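Below is protein_13.txt, which holds compact mmCIF, C-alpha atoms.
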# COMPACT_ATOMS: atom_id res chain seq x y z
CA MET A 1 -23.09 -55.04 -54.90
CA SER A 2 -23.77 -58.31 -56.69
CA VAL A 3 -23.52 -56.55 -60.04
CA THR A 4 -20.01 -55.35 -59.43
CA GLU A 5 -18.65 -58.52 -57.97
CA PRO A 6 -17.40 -60.28 -61.10
CA GLU A 7 -15.62 -57.16 -62.21
CA GLU A 8 -14.05 -56.70 -58.81
CA SER A 9 -12.66 -60.19 -58.71
CA GLN A 10 -11.30 -59.66 -62.19
CA ASP A 11 -9.59 -56.51 -61.03
CA ARG A 12 -8.24 -58.31 -58.06
CA SER A 13 -6.59 -61.03 -60.08
CA LYS A 14 -5.10 -58.44 -62.41
CA ALA A 15 -3.94 -56.44 -59.43
CA GLY A 16 -2.41 -59.49 -57.86
CA THR A 17 0.11 -59.79 -60.64
CA ARG A 18 0.71 -56.06 -60.69
CA GLY A 19 1.28 -56.07 -56.96
CA GLN A 20 4.00 -58.66 -57.18
CA ASP A 21 6.26 -56.61 -59.38
CA GLY A 22 4.92 -53.22 -58.30
CA GLY A 23 6.35 -53.24 -54.78
CA ALA A 24 5.02 -51.48 -51.69
CA ASN A 25 4.44 -48.06 -53.26
CA ALA A 26 1.95 -49.46 -55.72
CA LYS A 27 -0.37 -50.29 -52.82
CA THR A 28 -1.52 -46.72 -52.41
CA PRO A 29 -2.88 -45.47 -55.71
CA LEU A 30 -2.13 -41.96 -56.93
CA LEU A 31 -5.81 -41.05 -56.77
CA GLU A 32 -5.77 -41.83 -53.06
CA TRP A 33 -2.92 -39.38 -52.56
CA ILE A 34 -4.65 -36.67 -54.58
CA VAL A 35 -7.93 -37.04 -52.69
CA GLY A 36 -5.94 -37.19 -49.46
CA ALA A 37 -4.09 -33.98 -50.25
CA LEU A 38 -7.33 -32.20 -51.16
CA SER A 39 -8.97 -33.40 -47.94
CA ALA A 40 -5.99 -32.35 -45.84
CA ALA A 41 -6.06 -28.91 -47.47
CA LEU A 42 -9.78 -28.58 -46.83
CA VAL A 43 -9.57 -29.64 -43.18
CA LEU A 44 -6.47 -27.52 -42.51
CA ALA A 45 -8.12 -24.49 -44.12
CA LEU A 46 -11.16 -24.86 -41.87
CA LEU A 47 -9.02 -25.48 -38.81
CA GLY A 48 -6.69 -22.60 -39.62
CA PHE A 49 -9.60 -20.22 -40.13
CA ILE A 50 -11.21 -21.24 -36.84
CA VAL A 51 -7.98 -21.00 -34.83
CA MET A 52 -7.17 -17.62 -36.36
CA GLU A 53 -10.59 -16.36 -35.42
CA GLY A 54 -10.33 -17.82 -31.94
CA VAL A 55 -6.99 -16.14 -31.36
CA THR A 56 -7.64 -12.76 -32.95
CA ARG A 57 -11.22 -12.06 -31.95
CA GLU A 58 -11.45 -9.77 -28.96
CA ALA A 59 -13.95 -10.26 -26.20
CA LEU A 60 -16.14 -7.37 -27.33
CA PRO A 61 -19.91 -7.55 -26.92
CA PRO A 62 -22.34 -7.75 -29.84
CA ASP A 63 -22.71 -4.47 -31.73
CA LEU A 64 -26.18 -4.40 -33.19
CA LEU A 65 -27.47 -1.97 -35.77
CA VAL A 66 -31.03 -2.08 -37.06
CA MET A 67 -31.96 -0.43 -40.35
CA ALA A 68 -35.41 0.16 -41.81
CA ASP A 69 -36.16 -1.40 -45.18
CA SER A 70 -39.39 -1.03 -47.10
CA VAL A 71 -43.00 -0.76 -45.90
CA SER A 72 -45.44 -3.39 -47.06
CA PRO A 73 -49.20 -3.02 -46.63
CA VAL A 74 -50.93 -6.15 -45.33
CA ALA A 75 -54.52 -7.00 -44.47
CA ALA A 76 -54.27 -5.93 -40.84
CA GLY A 77 -52.08 -2.85 -41.31
CA TYR A 78 -48.53 -2.16 -42.43
CA LEU A 79 -45.32 -4.13 -42.12
CA GLN A 80 -42.15 -2.16 -41.54
CA LEU A 81 -39.40 -4.53 -42.72
CA PHE A 82 -35.97 -4.16 -41.19
CA THR A 83 -32.47 -5.65 -41.36
CA ILE A 84 -30.29 -6.07 -38.32
CA HIS A 85 -26.55 -6.42 -38.50
CA ASN A 86 -24.07 -7.52 -35.84
CA ASP A 87 -20.68 -5.82 -36.13
CA GLY A 88 -19.48 -7.01 -32.74
CA ASP A 89 -17.38 -9.95 -31.62
CA ALA A 90 -20.09 -12.07 -30.01
CA THR A 91 -23.38 -13.59 -31.04
CA ALA A 92 -26.53 -12.04 -29.59
CA ALA A 93 -29.54 -14.18 -28.70
CA GLN A 94 -33.14 -13.11 -28.03
CA VAL A 95 -32.60 -9.74 -29.66
CA HIS A 96 -35.44 -7.38 -28.83
CA VAL A 97 -36.23 -4.81 -31.51
CA ALA A 98 -38.62 -1.95 -30.74
CA GLY A 99 -40.12 0.50 -33.18
CA ALA A 100 -42.18 3.65 -32.70
CA LEU A 101 -44.06 5.95 -35.05
CA LEU A 102 -43.59 9.57 -33.95
CA LYS A 103 -45.54 12.67 -34.79
CA GLY A 104 -43.66 15.60 -33.39
CA ASP A 105 -42.77 14.58 -29.83
CA SER A 106 -45.64 12.21 -29.26
CA THR A 107 -45.65 8.50 -30.01
CA VAL A 108 -48.51 7.50 -32.26
CA GLU A 109 -47.91 3.78 -32.14
CA GLY A 110 -45.30 1.33 -30.78
CA SER A 111 -44.42 -2.19 -31.81
CA ASN A 112 -41.76 -4.75 -30.95
CA THR A 113 -40.41 -8.17 -31.84
CA ILE A 114 -37.73 -10.69 -30.82
CA LEU A 115 -35.13 -12.35 -33.07
CA ASP A 116 -33.71 -15.70 -31.94
CA TYR A 117 -30.10 -15.13 -32.92
CA VAL A 118 -28.00 -12.52 -34.64
CA PRO A 119 -24.56 -14.11 -35.13
CA ILE A 120 -21.29 -12.24 -35.58
CA SER A 121 -21.15 -10.32 -38.88
CA ALA A 122 -24.48 -11.81 -39.91
CA ARG A 123 -27.61 -10.10 -41.20
CA ARG A 124 -31.07 -11.08 -40.07
CA ARG A 125 -34.35 -9.70 -41.34
CA GLY A 126 -37.62 -9.14 -39.55
CA ALA A 127 -40.68 -6.90 -39.54
CA LEU A 128 -42.73 -4.81 -37.14
CA GLN A 129 -46.43 -4.56 -37.70
CA PHE A 130 -48.22 -1.23 -37.32
CA GLN A 131 -51.78 -0.11 -37.80
CA HIS A 132 -50.68 3.27 -39.10
CA ASP A 133 -48.64 3.68 -42.25
CA PRO A 134 -45.01 4.16 -41.11
CA ALA A 135 -44.33 6.17 -44.26
CA GLU A 136 -46.49 8.99 -42.91
CA TYR A 137 -44.68 9.31 -39.59
CA LYS A 138 -41.17 9.54 -38.25
CA LEU A 139 -39.97 5.99 -37.60
CA GLU A 140 -37.72 5.18 -34.66
CA LEU A 141 -36.12 1.71 -34.73
CA ARG A 142 -33.78 0.40 -32.05
CA VAL A 143 -32.49 -2.69 -30.29
CA THR A 144 -33.58 -2.67 -26.66
CA GLY A 145 -31.64 -5.69 -25.44
CA PHE A 146 -30.44 -9.26 -25.95
CA SER A 147 -29.05 -12.19 -24.01
CA GLU A 148 -25.90 -14.29 -24.42
CA PRO A 149 -26.53 -17.54 -26.26
CA MET B 1 0.96 -57.72 -43.22
CA LYS B 2 -1.36 -60.62 -42.54
CA SER B 3 -1.64 -64.06 -44.03
CA ASP B 4 -4.21 -62.80 -46.50
CA ALA B 5 -1.94 -60.01 -47.61
CA ALA B 6 -1.75 -61.36 -51.12
CA GLU B 7 -5.48 -60.83 -51.46
CA ASN B 8 -5.23 -57.26 -50.26
CA GLN B 9 -2.79 -56.25 -52.89
CA PRO B 10 -4.38 -53.49 -54.85
CA GLY B 11 -7.68 -55.08 -55.60
CA GLU B 12 -8.30 -51.40 -56.03
CA SER B 13 -8.78 -50.15 -59.49
CA THR B 14 -9.58 -46.47 -59.81
CA ARG B 15 -13.19 -47.55 -60.12
CA ASP B 16 -13.06 -49.40 -56.79
CA LEU B 17 -11.66 -46.28 -55.16
CA TRP B 18 -14.47 -44.10 -56.47
CA VAL B 19 -16.99 -46.67 -55.28
CA GLY B 20 -15.30 -46.48 -51.87
CA TYR B 21 -15.50 -42.67 -51.81
CA ALA B 22 -19.13 -42.74 -52.92
CA ARG B 23 -19.91 -45.21 -50.14
CA ALA B 24 -18.06 -42.99 -47.66
CA PHE B 25 -20.06 -39.97 -48.85
CA GLY B 26 -23.28 -41.93 -48.46
CA GLY B 27 -22.23 -43.09 -45.00
CA ALA B 28 -21.38 -39.53 -44.01
CA ILE B 29 -24.86 -38.32 -44.93
CA PHE B 30 -26.55 -41.38 -43.47
CA PHE B 31 -24.92 -41.03 -40.06
CA ALA B 32 -24.90 -37.24 -39.81
CA LEU B 33 -28.34 -36.43 -41.19
CA PRO B 34 -30.07 -36.30 -37.77
CA LEU B 35 -27.47 -33.75 -36.63
CA LEU B 36 -27.51 -31.87 -39.92
CA MET B 37 -31.23 -31.37 -39.30
CA THR B 38 -30.84 -30.29 -35.66
CA MET B 39 -31.17 -26.54 -35.19
CA GLU B 40 -28.95 -26.43 -32.11
CA MET B 41 -26.11 -27.67 -34.30
CA TRP B 42 -26.58 -24.75 -36.72
CA TRP B 43 -26.59 -22.34 -33.78
CA LEU B 44 -23.55 -23.91 -32.14
CA GLY B 45 -21.85 -23.55 -35.51
CA PHE B 46 -21.88 -19.78 -35.13
CA TYR B 47 -21.82 -19.18 -31.40
CA MET B 48 -19.65 -21.90 -29.88
CA ASP B 49 -16.15 -20.99 -28.73
CA ARG B 50 -13.80 -21.08 -31.72
CA LEU B 51 -10.82 -22.55 -29.89
CA ARG B 52 -12.98 -25.31 -28.40
CA LEU B 53 -14.22 -26.05 -31.91
CA ALA B 54 -10.65 -26.19 -33.21
CA LEU B 55 -9.59 -28.43 -30.32
CA PHE B 56 -12.53 -30.71 -31.02
CA MET B 57 -11.57 -31.04 -34.70
CA GLY B 58 -7.95 -31.66 -33.75
CA LEU B 59 -8.89 -34.40 -31.28
CA MET B 60 -11.33 -36.12 -33.61
CA LEU B 61 -8.79 -36.59 -36.40
CA PRO B 62 -6.58 -39.14 -34.57
CA ILE B 63 -9.76 -40.87 -33.37
CA LEU B 64 -10.98 -41.14 -36.96
CA ILE B 65 -7.62 -42.53 -37.98
CA GLY B 66 -7.77 -45.10 -35.19
CA LEU B 67 -11.32 -46.02 -36.12
CA ASP B 68 -10.31 -46.38 -39.74
CA HIS B 69 -7.74 -48.94 -38.65
CA PHE B 70 -10.56 -51.19 -37.43
CA SER B 71 -13.35 -50.19 -39.74
CA GLY B 72 -12.21 -48.25 -42.76
CA PHE B 73 -14.00 -47.60 -46.04
CA ARG B 74 -11.03 -49.07 -47.85
CA LYS B 75 -8.94 -52.11 -47.17
CA THR B 76 -5.85 -50.74 -45.49
CA ASP B 77 -2.55 -52.48 -45.04
CA SER B 78 -0.57 -49.98 -43.04
CA TRP B 79 -0.94 -47.18 -40.55
CA ALA B 80 0.17 -44.75 -43.26
CA ASP B 81 -2.90 -45.79 -45.25
CA ASP B 82 -5.08 -45.44 -42.15
CA VAL B 83 -3.82 -41.90 -41.63
CA LEU B 84 -4.49 -41.09 -45.27
CA ASP B 85 -7.97 -42.60 -45.07
CA GLY B 86 -8.75 -40.83 -41.80
CA ILE B 87 -7.90 -37.49 -43.43
CA ILE B 88 -9.94 -38.37 -46.52
CA ALA B 89 -12.86 -39.34 -44.28
CA TYR B 90 -12.71 -35.87 -42.73
CA GLY B 91 -12.57 -34.33 -46.19
CA VAL B 92 -15.58 -36.39 -47.26
CA GLY B 93 -17.34 -35.31 -44.05
CA VAL B 94 -16.69 -31.64 -44.86
CA ALA B 95 -18.01 -32.10 -48.39
CA ALA B 96 -21.11 -33.97 -47.21
CA ALA B 97 -21.90 -31.39 -44.52
CA ALA B 98 -21.42 -28.49 -46.97
CA VAL B 99 -23.67 -30.11 -49.58
CA ILE B 100 -26.53 -30.97 -47.20
CA LEU B 101 -26.43 -27.60 -45.42
CA THR B 102 -26.68 -25.89 -48.81
CA LEU B 103 -29.39 -28.26 -50.00
CA LEU B 104 -31.51 -27.43 -46.94
CA ASN B 105 -30.78 -23.69 -47.28
CA ILE B 106 -29.22 -23.58 -43.82
CA THR B 107 -26.23 -21.95 -45.46
CA ASN B 108 -26.54 -19.86 -48.61
CA ALA B 109 -24.87 -17.03 -50.48
CA GLU B 110 -25.72 -14.58 -47.68
CA THR B 111 -24.13 -16.65 -44.92
CA PRO B 112 -21.00 -14.92 -43.58
CA LEU B 113 -17.82 -16.95 -44.08
CA ARG B 114 -17.21 -17.47 -40.37
CA GLU B 115 -20.70 -18.82 -39.87
CA TRP B 116 -20.33 -21.16 -42.84
CA VAL B 117 -16.98 -22.38 -41.57
CA GLY B 118 -18.33 -22.95 -38.07
CA LYS B 119 -21.37 -24.91 -39.21
CA VAL B 120 -19.50 -27.01 -41.75
CA ALA B 121 -16.57 -27.72 -39.42
CA LEU B 122 -18.85 -28.79 -36.57
CA LEU B 123 -21.11 -30.98 -38.69
CA ALA B 124 -18.23 -32.46 -40.69
CA THR B 125 -17.16 -34.41 -37.60
CA PRO B 126 -20.16 -36.75 -37.23
CA ALA B 127 -20.22 -36.98 -41.03
CA ALA B 128 -16.58 -38.10 -41.02
CA PHE B 129 -17.47 -40.80 -38.47
CA GLY B 130 -20.15 -41.93 -40.89
CA ALA B 131 -17.65 -41.95 -43.74
CA VAL B 132 -15.34 -44.25 -41.77
CA LEU B 133 -18.17 -46.51 -40.63
CA ALA B 134 -19.63 -46.67 -44.13
CA SER B 135 -17.91 -49.86 -45.13
CA SER B 136 -18.71 -51.88 -42.04
CA GLN B 137 -22.33 -50.72 -41.95
CA LEU B 138 -23.24 -50.18 -45.58
CA GLY B 139 -21.42 -53.21 -46.95
CA GLY B 140 -17.84 -53.44 -48.06
CA SER B 141 -15.90 -56.23 -49.61
CA ASN B 142 -15.90 -59.49 -47.69
CA ASN B 143 -12.18 -59.64 -47.99
CA GLY B 144 -11.65 -56.39 -46.12
CA GLU B 145 -14.23 -57.28 -43.50
CA ALA B 146 -12.57 -60.58 -42.75
CA MET B 147 -9.28 -58.81 -42.24
CA GLU B 148 -10.83 -56.17 -40.02
CA GLN B 149 -12.64 -58.83 -38.03
CA GLU B 150 -9.31 -60.53 -37.49
CA ARG B 151 -7.75 -57.22 -36.56
CA LYS B 152 -10.46 -56.59 -33.99
CA GLU B 153 -10.00 -60.03 -32.51
CA ASP B 154 -6.27 -59.55 -32.33
CA ALA B 155 -6.79 -56.14 -30.79
CA GLY B 156 -5.93 -55.88 -27.13
CA TYR B 157 -7.80 -54.45 -24.21
CA GLY B 158 -6.76 -50.90 -25.15
CA ALA B 159 -8.31 -51.26 -28.59
CA GLU B 160 -11.56 -52.55 -27.06
CA LEU B 161 -11.70 -49.49 -24.84
CA PHE B 162 -10.91 -47.30 -27.85
CA LEU B 163 -13.88 -48.72 -29.74
CA MET B 164 -16.09 -48.11 -26.71
CA MET B 165 -14.91 -44.50 -26.59
CA CYS B 166 -15.77 -44.07 -30.29
CA GLY B 167 -19.27 -45.40 -29.68
CA ALA B 168 -19.71 -43.09 -26.70
CA ILE B 169 -18.52 -40.06 -28.68
CA PHE B 170 -20.85 -40.76 -31.58
CA PHE B 171 -23.95 -41.36 -29.46
CA ALA B 172 -23.23 -38.57 -26.99
CA PHE B 173 -22.55 -36.16 -29.83
CA ASN B 174 -25.93 -36.94 -31.35
CA VAL B 175 -27.94 -35.71 -28.36
CA ALA B 176 -25.53 -33.40 -26.52
CA PRO B 177 -26.32 -30.24 -28.53
CA THR B 178 -30.06 -30.31 -27.87
CA GLU B 179 -31.81 -28.05 -25.36
CA GLU B 180 -33.38 -31.18 -23.93
CA MET B 181 -30.10 -32.01 -22.17
CA ILE B 182 -30.45 -28.81 -20.14
CA LEU B 183 -34.18 -29.23 -19.55
CA LEU B 184 -33.75 -32.82 -18.36
CA SER B 185 -31.00 -31.83 -15.96
CA TYR B 186 -33.28 -29.15 -14.48
CA GLY B 187 -36.20 -31.49 -14.09
CA MET B 188 -34.55 -34.59 -12.64
CA THR B 189 -33.99 -35.13 -8.93
CA PRO B 190 -30.72 -36.58 -7.59
CA TRP B 191 -32.61 -39.84 -7.09
CA HIS B 192 -33.47 -39.99 -10.76
CA ALA B 193 -29.80 -39.46 -11.57
CA ALA B 194 -28.68 -42.20 -9.18
CA VAL B 195 -31.12 -44.69 -10.68
CA LEU B 196 -30.14 -43.62 -14.19
CA ILE B 197 -26.49 -44.46 -13.45
CA ILE B 198 -27.46 -47.92 -12.24
CA VAL B 199 -29.72 -48.52 -15.24
CA SER B 200 -26.99 -47.29 -17.60
CA LEU B 201 -24.50 -49.73 -16.05
CA ALA B 202 -26.99 -52.61 -16.22
CA MET B 203 -27.83 -51.99 -19.88
CA MET B 204 -24.17 -51.63 -20.69
CA HIS B 205 -23.38 -54.89 -18.98
CA ALA B 206 -26.08 -56.64 -20.98
CA PHE B 207 -24.28 -55.55 -24.15
CA VAL B 208 -20.88 -56.53 -22.77
CA TYR B 209 -22.27 -59.96 -21.91
CA ALA B 210 -23.88 -60.21 -25.35
CA VAL B 211 -20.53 -59.55 -26.99
CA GLU B 212 -19.04 -62.41 -24.95
CA PHE B 213 -21.92 -64.63 -25.97
CA HIS B 214 -21.56 -63.53 -29.58
CA GLY B 215 -18.10 -65.06 -29.35
CA SER B 216 -16.34 -62.42 -31.40
CA HIS B 217 -14.22 -61.33 -28.46
CA SER B 218 -12.56 -63.96 -26.35
CA HIS B 219 -11.10 -63.06 -23.01
CA GLY B 220 -10.00 -66.50 -21.92
CA GLU B 221 -10.94 -68.25 -18.74
CA ALA B 222 -10.78 -65.03 -16.71
CA ALA B 223 -14.00 -63.82 -18.32
CA THR B 224 -16.28 -64.34 -15.39
CA GLY B 225 -19.23 -62.04 -14.80
CA TRP B 226 -17.58 -59.82 -12.22
CA SER B 227 -14.33 -59.62 -14.13
CA LEU B 228 -16.24 -58.52 -17.24
CA PHE B 229 -18.27 -56.06 -15.21
CA LEU B 230 -15.20 -54.43 -13.75
CA ARG B 231 -12.97 -54.49 -16.82
CA PHE B 232 -15.53 -53.49 -19.45
CA THR B 233 -18.78 -52.21 -17.98
CA VAL B 234 -17.38 -49.99 -15.23
CA VAL B 235 -14.38 -48.83 -17.23
CA GLY B 236 -16.62 -48.26 -20.23
CA TYR B 237 -19.00 -46.16 -18.15
CA ALA B 238 -16.12 -44.11 -16.77
CA ILE B 239 -14.88 -43.46 -20.31
CA THR B 240 -18.43 -42.51 -21.33
CA ALA B 241 -18.76 -40.07 -18.44
CA LEU B 242 -15.46 -38.43 -19.41
CA VAL B 243 -16.53 -38.24 -23.06
CA SER B 244 -19.89 -36.75 -22.01
CA SER B 245 -18.18 -34.13 -19.85
CA TYR B 246 -15.84 -33.20 -22.67
CA VAL B 247 -18.61 -32.95 -25.27
CA LEU B 248 -20.76 -30.81 -22.95
CA TRP B 249 -17.80 -28.56 -22.17
CA THR B 250 -17.09 -28.23 -25.90
CA PHE B 251 -20.67 -27.06 -26.44
CA GLY B 252 -20.31 -24.49 -23.65
CA ARG B 253 -22.62 -26.26 -21.23
CA TYR B 254 -20.15 -26.12 -18.35
CA ASP B 255 -20.88 -23.25 -16.05
CA ALA B 256 -18.34 -22.86 -13.26
CA GLY B 257 -21.06 -21.71 -10.90
CA ALA B 258 -23.39 -24.66 -11.34
CA GLN B 259 -21.47 -27.92 -11.02
CA ALA B 260 -24.49 -29.82 -9.74
CA ILE B 261 -26.44 -29.08 -12.93
CA PHE B 262 -23.41 -30.03 -15.01
CA VAL B 263 -23.02 -33.39 -13.22
CA MET B 264 -26.70 -34.02 -13.84
CA GLN B 265 -26.21 -33.30 -17.54
CA VAL B 266 -23.22 -35.65 -17.63
CA VAL B 267 -25.32 -38.44 -16.11
CA VAL B 268 -28.17 -37.81 -18.58
CA LEU B 269 -25.80 -37.72 -21.56
CA SER B 270 -23.95 -40.81 -20.34
CA PHE B 271 -27.14 -42.84 -20.68
CA PRO B 272 -27.16 -42.82 -24.50
CA GLY B 273 -23.37 -42.57 -24.45
CA ALA B 274 -23.05 -45.80 -22.46
CA LEU B 275 -25.34 -47.60 -24.88
CA GLY B 276 -23.21 -46.36 -27.76
CA ALA B 277 -20.03 -47.44 -26.02
CA ALA B 278 -21.32 -50.91 -25.25
CA ALA B 279 -22.92 -51.43 -28.66
CA ALA B 280 -19.81 -50.22 -30.47
CA ARG B 281 -18.03 -53.51 -29.84
CA LEU B 282 -20.89 -55.33 -31.51
CA ILE B 283 -21.51 -52.92 -34.35
CA ILE B 284 -18.18 -51.47 -35.43

Write out the structure in this file as structure tokens.
Amino acid sequence: MSVTEPEESQDRSKAGTRGQDGGANAKTPLLEWIVGALSAALVLALLGFIVMEGVTREALPPDLLVMADSVSPVAAGYLQLFTIHNDGDATAAQVHVAGALLKGDSTVEGSNTILDYVPISARRRGALQFQHDPAEYKLELRVTGFSEP
Amino acid sequence: MKSDAAENQPGESTRDLWVGYARAFGGAIFFALPLLMTMEMWWLGFYMDRLRLALFMGLMLPILIGLDHFSGFRKTDSWADDVLDGIIAYGVGVAAAAVILTLLNITNAETPLREWVGKVALLATPAAFGAVLASSQLGGSNNGEAMEQERKEDAGYGAELFLMMCGAIFFAFNVAPTEEMILLSYGMTPWHAAVLIIVSLAMMHAFVYAVEFHGSHSHGEAATGWSLFLRFTVVGYAITALVSSYVLWTFGRYDAGAQAIFVMQVVVLSFPGALGAAAARLII
């Protein structure tokens, strides 16, 4: 602050004379109004968006869809990567995802995991680990349950 | 407006204004960083009730404007300027929250718009408080401080209570979102809660007394211990408890079936809240 002080006091003395003939309007600089208008627009946009969502969103439960992505071999087996998407109107917490490798009617191997949160219209990624290569079997992926946040 | 009005004439070149905004931005980050780095805040940003979030933003704006009147980042002469500055503080808070959330990869290109809006809107509020407090805490011009000091001294009882409420909101807001609030309320017995209320009141009163001693607030000859206790400590604690209840309700912690747990949470949250309320009169 000490660096700017001389300049500030200079400004102040200049401003003092300007203020005397400038009148009350000169007190609030144009820049202040511009920044103020931008801020108001920003805050109102956020507020408007949130209120709109609060009013229009129906009280429907989460609608979770899990899709298989690629398989990635790791040291201890195979990772079946997946993406989960929530098309519903509520956030799901503690989302349980179960996967099974099927050969005909029999289950060769099962695996499951839990995702902390899957918010509305959000995507979350995860993986199930198998000992068998999922590419060689029929993969079944599904959400088995979740809780409200 | 005041006797030093001549000095407050636009000592504000464009450069001074930018310095003020930069200081507000710094204050926003400084005060909101603990919350920006709290995972419960990111989660609340997407799952909390939208209308409660909107109500919260709507209520905080007039409070920011009022706070700016006593402790703005710019020397203000009129309420119109305070309103303008309060709005700008919110804008600065939004910008600061958006920048830090992006910097920490909490929001990115894959974040859905509603999630981004929720997180930024929620975290912009403590950041906006920081923006307003920036000048009084991170150094402003002496001229403005002197005027604000005078303003605070001139301020009546209502204004004192208002400052206490601001302190309670800021402190309560900082811990209210955490899971620990719930865990503590489960673990504590009613006896713990009763003692906590008494300790909260005692600590608060120590601050109230310190403010008297500090001499920045004079309440005349009526300022005896019990009078202070009743008019500031007890009233301040009541305000804090109301603020705590409101903040917890906003975060969806009120469950109509479990009032006892909720009351326990209010008592727990009022502990830091009461400290904030009492310290506010010293700090702000």

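Comparing the minimum interatomic distances between Ala59 in chain A and each of B:Ile106, B:Ala121, B:Tyr186, B:Asp49, counting all atoms listed in the file, we find that B:Asp49 sits nearest.
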
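In this comparison, which uses only C-alpha atoms, the residue of B:Ala128, B:Val195, B:Met37, B:Val99 approaching chain A most closely is B:Ala128.
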
Contacts from chain B to chain A, 7 Å maximum, all atoms listed in the file: show me the residue list as a PyMOL selection string. chain B and resi 9-11+13+46-47+50-51+54+84+87-88+90-91+111-112+117+121

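Counting all atoms listed in the file, the residue from A:Thr83, A:Ser147, A:Gln131, A:Thr107 that sits nearest to Met67 in chain A is A:Thr83.
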
B:Leu53, B:Ala278, B:Ala194, B:Ala97: which is nearest Glu212 in chain B, counting all atoms listed in the file? B:Ala278

Excluding Thr144 in chain A and any residue of its chain fewer than 4 positions from it, enumerate the residues within 7 Å of it, using only C-alpha atoms, and give them as a PyMOL selection string. chain A and resi 96-98

Would you put the residues from that selection into a file with C-alpha atoms, as an mmCIF file, in the coordinates of the input?
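As a result, selection27.cif now contains:
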data_model
loop_
_atom_site.group_PDB
_atom_site.id
_atom_site.type_symbol
_atom_site.label_atom_id
_atom_site.label_comp_id
_atom_site.auth_asym_id
_atom_site.auth_seq_id
_atom_site.Cartn_x
_atom_site.Cartn_y
_atom_site.Cartn_z
ATOM 1 C CA HIS A 96 -35.440 -7.380 -28.830
ATOM 2 C CA VAL A 97 -36.230 -4.810 -31.510
ATOM 3 C CA ALA A 98 -38.620 -1.950 -30.740
#

Which residue gives the smallest distance to Pro134 in chain A among A:Leu64, A:Gln80, A:Thr113, A:Asp69, with only C-alpha atoms counted?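 The closest residue to Pro134 in chain A is A:Gln80.
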
Measuring between all atoms listed in the file, which one of B:Ala159, B:Val266, B:Val208, B:Met48 shows the shortest distance to Met181 in chain B?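 Nearest candidate to Met181 in chain B out of B:Ala159, B:Val266, B:Val208, B:Met48: B:Val266.
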
Taking (-41.9, 6.7, -34.6) in the coordinates of the supplied file, I want to know which residues reach to within 10 Å of it, counting all atoms listed in the file; could you give the answer as a PyMOL selection string? chain A and resi 99-111+134-141

Report the distance between CA of Val143 in chain A and CA of Val66 in chain A in Å, rounded to one decimal place.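 Answer for the CA of Val143 in chain A to CA of Val66 in chain A separation: 7.0 Å.
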
Could you tell me how far CA of Ile239 in chain B sits from CA of Leu282 in chain B, in Å to one decimal place?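 Separation of CA of Leu282 in chain B and CA of Ile239 in chain B: 17.4 Å.
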
Which residues, written as a list in words, have at least one atom at most 8 Å from Asp63 in chain A, with only C-alpha atoms counted and residues fewer than 5 positions away on the same chain left out?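 The neighbour list is Asn86, Asp87, Gly88 and Asp89 of chain A.
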
Excluding Met203 in chain B and its own-chain neighbours fewer than 6 positions away, which residues fall within 12 Å of it when counting all atoms listed in the file? Please give them as a PyMOL selection string. chain B and resi 196-197+209-210+229+233-234+236-237+270-279
